[in-house]
$ cat query.txt   # compact mmCIF, C-alpha atoms
# COMPACT_ATOMS: atom_id res chain seq x y z
CA MET A 1 0.00 0.00 0.00
CA ARG A 2 2.80 2.41 0.86
CA HIS A 3 4.28 2.19 -2.64
CA VAL A 4 0.91 2.80 -4.32
CA ARG A 5 0.22 5.77 -2.08
CA LYS A 6 3.67 7.20 -2.75
CA ALA A 7 3.23 6.82 -6.52
CA ILE A 8 -0.06 8.73 -6.43
CA ASP A 9 1.37 11.40 -4.15
CA THR A 10 4.34 11.82 -6.48
CA MET A 11 2.12 12.29 -9.55
CA ALA A 12 -0.53 14.26 -7.57
CA VAL A 13 -3.22 12.95 -9.93
CA LEU A 14 -3.94 9.53 -11.46
CA GLN A 15 -6.17 9.54 -14.53
CA ILE A 16 -8.88 6.87 -14.70
CA ASP A 17 -9.82 5.28 -18.02
CA SER A 18 -12.11 2.43 -19.01
CA VAL A 19 -10.16 0.90 -21.92
CA ASN A 20 -9.18 -2.59 -20.85
CA VAL A 21 -7.34 -3.99 -23.87
CA VAL A 22 -4.27 -4.65 -21.68
CA GLU A 23 -5.32 -3.39 -18.23
CA ARG A 24 -7.06 -0.16 -17.28
CA ALA A 25 -4.89 2.95 -17.46
CA HIS A 26 -4.95 3.80 -13.75
CA GLN A 27 -3.52 0.38 -12.93
CA LEU A 28 -0.97 0.55 -15.77
CA THR A 29 0.31 3.95 -14.65
CA ILE A 30 1.07 2.59 -11.19
CA PHE A 31 2.67 -0.53 -12.68
CA SER A 32 4.97 1.75 -14.69
CA ARG A 33 6.13 3.36 -11.43
CA ILE A 34 6.49 0.44 -9.03
CA GLY A 35 6.39 -2.73 -11.15
CA PRO A 36 4.19 -5.77 -10.43
CA TYR A 37 1.75 -5.15 -7.57
CA ASP A 38 -1.68 -6.26 -6.39
CA PRO A 39 -4.23 -4.15 -8.35
CA ASP A 40 -6.63 -4.33 -5.40
CA LEU A 41 -4.27 -2.03 -3.49
CA LEU A 42 -5.62 0.89 -5.51
CA TRP A 43 -9.21 0.05 -4.57
CA ARG A 44 -8.11 -0.49 -0.97
CA ALA A 45 -6.64 3.01 -0.98
CA LEU A 46 -10.04 4.30 -2.13
CA ARG A 47 -11.94 2.25 0.46
CA GLN A 48 -9.58 3.36 3.22
CA ARG A 49 -10.09 7.00 2.19
CA GLU A 50 -6.47 7.69 1.31
CA ILE A 51 -7.54 8.92 -2.13
CA PHE A 52 -10.77 10.22 -3.62
CA GLU A 53 -12.16 10.49 -7.11
CA TYR A 54 -12.85 13.80 -8.80
CA TRP A 55 -12.52 15.65 -12.12
CA ALA A 56 -8.90 16.75 -11.57
CA HIS A 57 -7.38 15.72 -14.93
CA MET A 58 -10.43 14.14 -16.50
CA ALA A 59 -11.79 11.52 -14.07
CA SER A 60 -8.96 10.97 -11.63
CA PHE A 61 -7.85 9.75 -8.23
CA VAL A 62 -6.14 12.38 -6.08
CA PRO A 63 -4.78 12.34 -2.51
CA ILE A 64 -7.55 12.73 0.08
CA ALA A 65 -5.82 15.75 1.64
CA ASP A 66 -6.46 17.69 -1.58
CA TRP A 67 -10.26 17.79 -1.10
CA PRO A 68 -10.18 21.46 0.08
CA LEU A 69 -8.32 22.45 -3.12
CA TRP A 70 -11.33 21.36 -5.20
CA LYS A 71 -14.10 22.70 -2.97
CA HIS A 72 -14.22 25.98 -4.89
CA ARG A 73 -15.15 24.03 -8.03
CA MET A 74 -17.77 22.06 -6.11
CA GLU A 75 -19.32 25.27 -4.78
CA HIS A 76 -19.31 26.77 -8.28
CA GLN A 77 -21.25 23.78 -9.58
CA LYS A 78 -23.82 24.17 -6.81
CA GLN A 79 -24.37 27.80 -7.73
CA HIS A 80 -24.58 27.37 -11.50
CA GLY A 81 -25.75 23.83 -12.18
CA TRP A 82 -26.06 22.13 -15.55
CA HIS A 83 -28.63 22.61 -18.28
CA SER A 84 -30.02 19.15 -17.51
CA ILE A 85 -30.37 20.06 -13.82
CA HIS A 86 -32.27 23.25 -14.62
CA ARG A 87 -34.51 21.20 -16.95
CA LEU A 88 -35.23 18.60 -14.28
CA ARG A 89 -36.08 21.26 -11.71
CA LYS A 90 -38.74 22.56 -14.09
CA GLU A 91 -40.03 19.26 -15.49
CA ALA A 92 -39.73 17.04 -12.41
CA PRO A 93 -39.87 19.11 -9.19
CA GLY A 94 -38.50 17.14 -6.26
CA TYR A 95 -36.66 14.57 -8.40
CA ILE A 96 -33.17 15.82 -7.49
CA GLU A 97 -34.05 15.82 -3.79
CA SER A 98 -35.47 12.31 -4.15
CA VAL A 99 -32.22 11.01 -5.65
CA GLN A 100 -30.23 12.62 -2.86
CA ARG A 101 -32.54 11.13 -0.24
CA GLN A 102 -32.19 7.63 -1.74
CA VAL A 103 -28.40 7.85 -1.64
CA ALA A 104 -28.53 9.03 1.97
CA GLU A 105 -30.84 6.16 2.93
CA ARG A 106 -29.42 3.32 0.81
CA GLY A 107 -25.98 4.35 -0.42
CA PRO A 108 -23.59 3.52 -1.76
CA LEU A 109 -25.56 2.93 -4.94
CA THR A 110 -25.38 3.37 -8.68
CA VAL A 111 -27.93 4.75 -11.14
CA SER A 112 -29.63 1.38 -11.68
CA ASP A 113 -30.39 1.23 -7.93
CA LEU A 114 -32.55 4.35 -8.06
CA GLU A 115 -36.31 4.00 -7.82
CA GLU A 116 -36.77 5.95 -11.05
CA PRO A 117 -33.42 6.10 -12.87
CA GLY A 118 -34.96 7.31 -16.15
CA GLU A 119 -34.21 6.23 -19.70
CA ARG A 120 -30.91 6.72 -21.49
CA ARG A 121 -31.04 9.38 -24.17
CA GLY A 122 -28.31 7.93 -26.37
CA PRO A 123 -24.89 6.22 -26.34
CA TRP A 124 -21.82 7.47 -24.49
CA TRP A 125 -22.92 10.69 -22.75
CA GLY A 126 -26.63 10.17 -23.37
CA TRP A 127 -27.22 9.70 -19.67
CA ALA A 128 -30.52 8.92 -18.01
CA ASP A 129 -31.91 11.62 -15.72
CA GLY A 130 -30.80 9.74 -12.62
CA LYS A 131 -27.23 9.60 -13.87
CA HIS A 132 -27.26 13.35 -14.57
CA VAL A 133 -28.35 14.01 -11.00
CA LEU A 134 -25.80 11.64 -9.46
CA GLU A 135 -22.99 13.12 -11.51
CA TRP A 136 -24.01 16.70 -10.73
CA LEU A 137 -24.23 15.98 -7.00
CA PHE A 138 -20.82 14.30 -7.29
CA GLU A 139 -19.33 17.40 -8.94
CA CYS A 140 -20.95 19.54 -6.23
CA GLY A 141 -19.24 17.51 -3.52
CA ASP A 142 -22.55 16.44 -1.98
CA LEU A 143 -21.86 12.87 -3.14
CA ALA A 144 -18.56 11.08 -3.48
CA VAL A 145 -17.48 7.82 -5.10
CA ALA A 146 -17.39 5.24 -2.31
CA GLU A 147 -16.08 2.48 -4.57
CA ARG A 148 -16.07 1.13 -8.11
CA ARG A 149 -17.32 -2.31 -9.06
CA ASN A 150 -16.51 -3.51 -12.57
CA PHE A 151 -15.59 0.10 -13.25
CA THR A 152 -19.08 1.36 -12.28
CA ARG A 153 -19.21 4.26 -9.84
CA TYR A 154 -21.04 3.70 -6.57
CA TYR A 155 -22.05 6.99 -5.00
CA ASP A 156 -22.59 7.79 -1.35
CA ILE A 157 -23.11 10.97 0.60
CA ALA A 158 -19.81 12.76 1.10
CA GLU A 159 -20.15 12.57 4.90
CA ARG A 160 -19.69 8.79 4.71
CA VAL A 161 -16.77 8.92 2.28
CA ILE A 162 -14.59 11.97 2.91
CA PRO A 163 -13.10 12.22 6.43
CA ALA A 164 -14.37 15.25 8.33
CA VAL A 165 -10.89 16.71 8.75
CA HIS A 166 -10.75 17.23 4.98
CA ARG A 167 -14.44 17.67 4.19
CA GLU A 168 -14.95 20.40 6.79
CA ALA A 169 -11.66 22.20 6.08
CA PRO A 170 -12.05 25.76 4.80
CA THR A 171 -12.50 26.12 1.06
CA VAL A 172 -9.29 27.19 -0.64
CA PRO A 173 -10.31 30.19 -2.81
CA ALA A 174 -10.17 29.51 -6.55
CA GLU A 175 -7.14 31.70 -7.31
CA GLU A 176 -5.15 30.32 -4.39
CA ALA A 177 -6.07 26.77 -5.40
CA TYR A 178 -5.01 27.42 -9.00
CA ARG A 179 -1.68 28.84 -7.86
CA THR A 180 -1.04 25.80 -5.68
CA LEU A 181 -1.96 23.41 -8.47
CA LEU A 182 0.17 25.23 -11.05
CA LEU A 183 3.19 25.00 -8.77
CA ARG A 184 2.53 21.30 -8.32
CA SER A 185 2.34 20.94 -12.09
CA ALA A 186 5.73 22.61 -12.44
CA GLU A 187 7.27 20.35 -9.78
CA ARG A 188 6.10 17.29 -11.67
CA MET A 189 6.73 18.36 -15.27
CA GLY A 190 10.27 19.63 -14.77
CA VAL A 191 9.93 22.17 -17.57
CA GLY A 192 6.66 23.24 -19.14
CA SER A 193 4.84 25.89 -21.11
CA ALA A 194 1.97 27.80 -19.52
CA LYS A 195 -0.41 25.67 -21.57
CA GLY A 196 1.23 22.48 -20.32
CA LEU A 197 1.22 23.59 -16.68
CA VAL A 198 -2.47 24.47 -16.94
CA ASP A 199 -3.30 21.16 -18.62
CA TYR A 200 -1.88 19.00 -15.82
CA PHE A 201 -4.95 19.71 -13.67
CA ARG A 202 -7.17 20.94 -16.53
CA LEU A 203 -7.46 24.46 -15.11
CA PRO A 204 -9.18 27.32 -16.98
CA ILE A 205 -6.69 28.32 -19.68
CA THR A 206 -7.08 32.12 -19.58
CA GLU A 207 -6.91 32.35 -15.80
CA GLY A 208 -4.13 29.77 -15.75
CA ARG A 209 -1.94 31.72 -18.17
CA ARG A 210 -2.42 34.90 -16.13
CA LEU A 211 -1.40 33.14 -12.94
CA VAL A 212 1.64 31.49 -14.53
CA ALA A 213 2.84 34.97 -15.54
CA ALA A 214 2.16 36.26 -12.02
CA LEU A 215 4.01 33.35 -10.40
CA ALA A 216 6.98 33.94 -12.70
CA LYS A 217 7.01 37.64 -11.81
CA GLU A 218 7.01 36.73 -8.11
CA GLY A 219 9.85 34.23 -8.55
CA ALA A 220 7.68 31.23 -7.66
CA LEU A 221 8.30 29.97 -11.21
CA VAL A 222 11.55 30.45 -13.12
CA PRO A 223 11.48 31.35 -16.85
CA VAL A 224 13.84 29.12 -18.84
CA GLU A 225 14.85 28.61 -22.44
CA VAL A 226 15.17 25.27 -24.20
CA ALA A 227 16.80 24.96 -27.61
CA GLY A 228 14.22 24.38 -30.32
CA TRP A 229 11.29 25.37 -28.10
CA ASP A 230 9.88 28.67 -29.38
CA GLU A 231 7.53 29.61 -26.53
CA PRO A 232 8.02 30.80 -22.94
CA LEU A 233 8.89 27.95 -20.59
CA PHE A 234 8.91 27.70 -16.83
CA MET A 235 10.21 25.46 -14.09
CA HIS A 236 9.85 25.27 -10.34
CA PRO A 237 12.81 26.87 -8.53
CA GLY A 238 13.25 23.70 -6.49
CA THR A 239 13.66 21.51 -9.57
CA ARG A 240 16.75 19.32 -9.54
CA PHE A 241 18.00 17.49 -12.62
CA PRO A 242 19.83 14.20 -11.97
CA ARG A 243 23.09 13.47 -13.72
CA SER A 244 21.62 10.28 -15.12
CA VAL A 245 18.25 8.54 -15.20
CA GLU A 246 17.86 4.79 -14.75
CA ALA A 247 14.35 4.03 -15.94
CA ARG A 248 12.56 1.38 -17.95
CA ALA A 249 8.81 1.59 -18.36
CA LEU A 250 5.95 1.07 -20.77
CA LEU A 251 3.73 4.16 -20.67
CA ASN A 252 0.01 3.89 -21.42
CA PRO A 253 -1.68 6.70 -23.39
CA PHE A 254 -3.04 8.32 -20.20
CA ASP A 255 0.23 8.40 -18.27
CA PRO A 256 1.22 11.89 -17.03
CA ILE A 257 4.54 11.65 -18.88
CA VAL A 258 2.80 11.53 -22.26
CA TRP A 259 -0.78 12.78 -21.77
CA PHE A 260 0.02 16.32 -22.94
CA ARG A 261 1.11 15.47 -26.48
CA GLU A 262 2.71 18.84 -27.29
CA HIS A 263 5.01 18.52 -24.28
CA THR A 264 5.89 14.93 -25.19
CA GLU A 265 6.79 15.93 -28.73
CA ARG A 266 8.91 18.92 -27.73
CA LEU A 267 10.67 17.27 -24.78
CA TYR A 268 11.27 13.82 -26.25
CA ASP A 269 11.02 14.51 -30.01
CA PHE A 270 8.28 11.89 -29.97
CA HIS A 271 5.11 12.45 -32.00
CA TYR A 272 2.38 10.43 -30.31
CA ARG A 273 -1.33 10.06 -30.96
CA VAL A 274 -3.89 7.57 -29.68
CA GLU A 275 -5.30 5.54 -32.58
CA ILE A 276 -8.12 3.77 -30.76
CA TYR A 277 -10.76 5.59 -32.81
CA VAL A 278 -8.83 5.45 -36.09
CA PRO A 279 -10.08 2.77 -38.55
CA ALA A 280 -7.68 -0.17 -38.48
CA PRO A 281 -6.42 0.24 -42.08
CA LYS A 282 -5.45 3.86 -41.35
CA ARG A 283 -3.55 3.25 -38.12
CA ASN A 284 0.17 3.94 -38.24
CA TYR A 285 1.17 1.87 -35.23
CA GLY A 286 -1.79 0.06 -33.68
CA TYR A 287 -4.85 0.17 -31.45
CA TYR A 288 -3.31 0.66 -27.98
CA VAL A 289 0.28 1.76 -28.30
CA PHE A 290 2.69 2.24 -25.40
CA PRO A 291 5.73 4.53 -25.67
CA PHE A 292 8.75 2.77 -24.18
CA LEU A 293 10.84 4.85 -21.78
CA LEU A 294 14.45 3.79 -21.40
CA GLY A 295 16.68 6.07 -19.34
CA ASP A 296 15.50 9.58 -20.14
CA ARG A 297 14.43 8.86 -23.73
CA LEU A 298 11.37 7.45 -25.42
CA VAL A 299 13.11 4.87 -27.59
CA ALA A 300 10.28 2.81 -29.08
CA ARG A 301 6.52 2.33 -29.27
CA VAL A 302 4.72 -0.98 -28.85
CA ASP A 303 1.19 -2.10 -29.70
CA ILE A 304 0.05 -4.45 -26.91
CA LYS A 305 -3.05 -6.54 -26.24
CA ALA A 306 -3.75 -9.00 -23.42
CA ASP A 307 -5.40 -12.17 -24.73
CA ARG A 308 -6.62 -13.43 -21.38
CA LYS A 309 -8.47 -16.43 -22.80
CA ALA A 310 -5.34 -17.75 -24.47
CA GLY A 311 -3.04 -16.57 -21.66
CA VAL A 312 -0.89 -14.60 -24.11
CA LEU A 313 0.41 -11.03 -24.15
CA GLN A 314 0.09 -10.10 -27.81
CA VAL A 315 2.51 -7.60 -29.36
CA PRO A 316 1.16 -7.01 -32.88
CA GLY A 317 3.75 -4.32 -33.61
CA ALA A 318 6.99 -2.86 -32.25
CA PHE A 319 8.65 0.25 -33.67
CA LEU A 320 12.11 1.69 -32.94
CA GLU A 321 12.69 5.43 -32.73
CA ASP A 322 15.51 6.81 -34.86
CA GLY A 323 19.01 6.79 -33.44
CA HIS A 324 18.68 3.93 -30.96
CA ASP A 325 20.36 0.52 -30.87
CA PRO A 326 17.73 -2.10 -31.81
CA LYS A 327 19.45 -4.93 -29.92
CA ARG A 328 19.70 -2.97 -26.67
CA VAL A 329 16.16 -1.63 -26.90
CA ALA A 330 14.79 -5.07 -27.78
CA ARG A 331 16.61 -6.66 -24.85
CA GLU A 332 15.28 -4.11 -22.34
CA LEU A 333 11.80 -4.16 -23.85
CA ALA A 334 11.70 -7.96 -23.61
CA ILE A 335 12.43 -7.70 -19.87
CA GLU A 336 9.67 -5.14 -19.37
CA LEU A 337 7.13 -7.13 -21.39
CA GLY A 338 8.02 -10.19 -19.34
CA GLU A 339 7.27 -8.32 -16.12
CA MET A 340 3.99 -7.06 -17.56
CA ALA A 341 2.95 -10.54 -18.68
CA ARG A 342 3.66 -12.03 -15.27
CA TRP A 343 1.79 -9.20 -13.55
CA LEU A 344 -1.23 -9.84 -15.76
CA GLY A 345 -1.03 -13.60 -15.18
CA LEU A 346 -0.23 -14.36 -18.82
CA GLY A 347 2.10 -17.23 -19.56
CA ASP A 348 3.43 -16.31 -22.99
CA ILE A 349 4.35 -13.34 -25.20
CA ALA A 350 3.63 -13.43 -28.93
CA VAL A 351 5.27 -10.85 -31.19
CA GLY A 352 3.78 -10.02 -34.58
CA LYS A 353 5.67 -8.89 -37.65
CA LYS A 354 4.67 -5.25 -37.86
CA GLY A 355 7.41 -2.68 -37.24
CA ASP A 356 11.20 -2.56 -37.51
CA LEU A 357 11.67 -3.64 -33.89
CA ALA A 358 9.48 -6.74 -34.17
CA ALA A 359 12.20 -9.14 -35.34
CA PRO A 360 14.84 -8.02 -32.77
CA LEU A 361 12.20 -8.20 -30.04
CA ALA A 362 11.13 -11.71 -31.04
CA ALA A 363 14.79 -12.77 -31.00
CA ALA A 364 15.31 -11.23 -27.55
CA LEU A 365 12.30 -13.15 -26.22
CA ALA A 366 13.33 -16.46 -27.79
$ encode --input "query.txt" --output "structure tokens"
Amino acid sequence: MRHVRKAIDTMAVLQIDSVNVVERAHQLTIFSRIGPYDPDLLWRALRQREIFEYWAHMASFVPIADWPLWKHRMEHQKQHGWHSIHRLRKEAPGYIESVQRQVAERGPLTVSDLEEPGERRGPWWGWADGKHVLEWLFECGDLAVAERRNFTRYYDIAERVIPAVHREAPTVPAEEAYRTLLLRSAERMGVGSAKGLVDYFRLPITEGRRLVAALAKEGALVPVEVAGWDEPLFMHPGTRFPRSVEARALLNPFDPIVWFREHTERLYDFHYRVEIYVPAPKRNYGYYVFPFLLGDRLVARVDIKADRKAGVLQVPGAFLEDGHDPKRVARELAIELGEMARWLGLGDIAVGKKGDLAAPLAAALA
């Protein structure tokens, strides 16, 4: 548990994603930091109230102590509401209060547990009325996610989920919260543009840019220049750069190292796009592609799929970045894929023929 908690504290935010072609992103991101671990430790951290779920960088887990930093956003939601909430107040008076009462009496529960959940209005975000209300109350901080079962959120009243010491703490005003979060972004990114610093916690871009400039003027951020980067850059004054980096990790598409694609391209000279929604014949690399971090460079990209029924970790394609030794990269990648396969409980690794690293990788695994 300590290693999982430390990994989340170090990142400050852990993005949640539903795609399960290998394992879900939130589990993969932790695996990339600490290696093989029991995935239930993440859910135990949620159940033991060491982390909570909120819209920090998309849907995310964040340390429980950060609840007061997001209370300003919760209070804003209460004051302004959503279009669907305004509609329900007019068309179904008392419905919102009824949903809240049911959660208080029978929570934790999900939308299907409501007495009148309503009908879905379409795929994806075509939520039923009950889901709209649960999600709005969740964003308001009146409800919190008590647990997830098969990736489904189970909501409960915040009083039963968030410890009082955090829930009852004074609200950090929006500007102060943004400043704190921007400084945390800088600590974790090393070097970043204003846009990148703002993106880490998905803060309002205009206000974020203004505050980055203010923090730089105060000396809380340090302006820096990086060759080939033609926009203002900043770093935290406490940033320390190691003489060398010993790292080896497969990074999923929602890992903080690569989730802001502009930063990834500028810092690592690595153009990366998710091709999940690209028709198969038009994909350049594959469906779910992992950049491979070796030392302080992204040296390859690998398309991976877990075939749980066959007990095989499939690698349909492996691609070397320019300027790297294919034998060395293949050898290190084979070790990392072996660790991933064992962690997932898969007994074999099968490498396809797509990509210039496929043959060296197959040889390294032989």
$ closest_atom_pairs --input "query.txt" --of "range 183-202 of chain A" --to "range 60-73 of chain A" --cutoff "12 Å" --atoms "only C-alpha atoms" --output "CSV"
residue,atom,partner,partner_atom,distance
A:Arg184,CA,A:Asp66,CA,11.8
A:Tyr200,CA,A:Ser60,CA,11.5
A:Phe201,CA,A:Ser60,CA,9.8
A:Arg202,CA,A:Ser60,CA,11.3
$ atom_distance --input "query.txt" --atom1 "CA of Tyr272 in chain A" --atom2 "CA of Thr29 in chain A"
17.1 Å
$ closest_residue --input "query.txt" --among "A:Asp296, A:Glu225, A:Glu218, A:Glu187" --to "Arg240 in chain A" --atoms "only C-alpha atoms"
A:Glu187
$ atom_distance --input "query.txt" --atom1 "CA of Leu41 in chain A" --atom2 "CA of Glu23 in chain A"
14.8 Å
$ residues_around --input "query.txt" --residues "Tyr285 in chain A" --least-positions-apart "5" --cutoff "8 Å" --atoms "all atoms listed in the file" --output "PyMOL selection string"
chain A and resi 275+302-303+317+319+355
$ atom_distance --input "query.txt" --atom1 "CA of Ala350 in chain A" --atom2 "CA of Tyr37 in chain A"
23.0 Å
$ closest_residue --input "query.txt" --among "A:Ala306, A:Val103, A:Val299, A:Ala363" --to "Leu251 in chain A" --atoms "only C-alpha atoms"
A:Val299
$ residues_around --input "query.txt" --residues "Ala216 in chain A" --least-positions-apart "3" --cutoff "12 Å" --atoms "all atoms listed in the file" --output "PDB file with C-alpha atoms, in the frame of the given file"
ATOM      1  CA  ARG A 179      -1.680  28.840  -7.860  1.00  0.00           C
ATOM      2  CA  LEU A 182       0.170  25.230 -11.050  1.00  0.00           C
ATOM      3  CA  LEU A 183       3.190  25.000  -8.770  1.00  0.00           C
ATOM      4  CA  ALA A 186       5.730  22.610 -12.440  1.00  0.00           C
ATOM      5  CA  SER A 193       4.840  25.890 -21.110  1.00  0.00           C
ATOM      6  CA  ALA A 194       1.970  27.800 -19.520  1.00  0.00           C
ATOM      7  CA  ARG A 209      -1.940  31.720 -18.170  1.00  0.00           C
ATOM      8  CA  ARG A 210      -2.420  34.900 -16.130  1.00  0.00           C
ATOM      9  CA  LEU A 211      -1.400  33.140 -12.940  1.00  0.00           C
ATOM     10  CA  VAL A 212       1.640  31.490 -14.530  1.00  0.00           C
ATOM     11  CA  ALA A 213       2.840  34.970 -15.540  1.00  0.00           C
ATOM     12  CA  GLY A 219       9.850  34.230  -8.550  1.00  0.00           C
ATOM     13  CA  ALA A 220       7.680  31.230  -7.660  1.00  0.00           C
ATOM     14  CA  LEU A 221       8.300  29.970 -11.210  1.00  0.00           C
ATOM     15  CA  VAL A 222      11.550  30.450 -13.120  1.00  0.00           C
ATOM     16  CA  PRO A 223      11.480  31.350 -16.850  1.00  0.00           C
ATOM     17  CA  VAL A 224      13.840  29.120 -18.840  1.00  0.00           C
ATOM     18  CA  PRO A 232       8.020  30.800 -22.940  1.00  0.00           C
ATOM     19  CA  LEU A 233       8.890  27.950 -20.590  1.00  0.00           C
ATOM     20  CA  PHE A 234       8.910  27.700 -16.830  1.00  0.00           C
ATOM     21  CA  MET A 235      10.210  25.460 -14.090  1.00  0.00           C
ATOM     22  CA  HIS A 236       9.850  25.270 -10.340  1.00  0.00           C
ATOM     23  CA  PRO A 237      12.810  26.870  -8.530  1.00  0.00           C
TER      24      PRO A 237
END
$ closest_residue --input "query.txt" --among "A:Asp156, A:Leu203, A:Pro163, A:Glu91" --to "Thr180 in chain A" --atoms "only C-alpha atoms"
A:Leu203
$ residues_near_point --input "query.txt" --point "(13.0, -16.0, -24.7)" --cutoff "12 Å" --atoms "all atoms listed in the file" --output "list in words"
Ala330, Arg331, Leu333, Ala334, Ile335, Leu337, Gly338, Asp348, Ile349, Ala350, Val351, Pro360, Leu361, Ala362, Ala363, Ala364, Leu365 and Ala366 of chain A
$ closest_residue --input "query.txt" --among "A:Asn284, A:Ser244, A:Thr264, A:Ser98" --to "Leu298 in chain A" --atoms "only C-alpha atoms"
A:Thr264
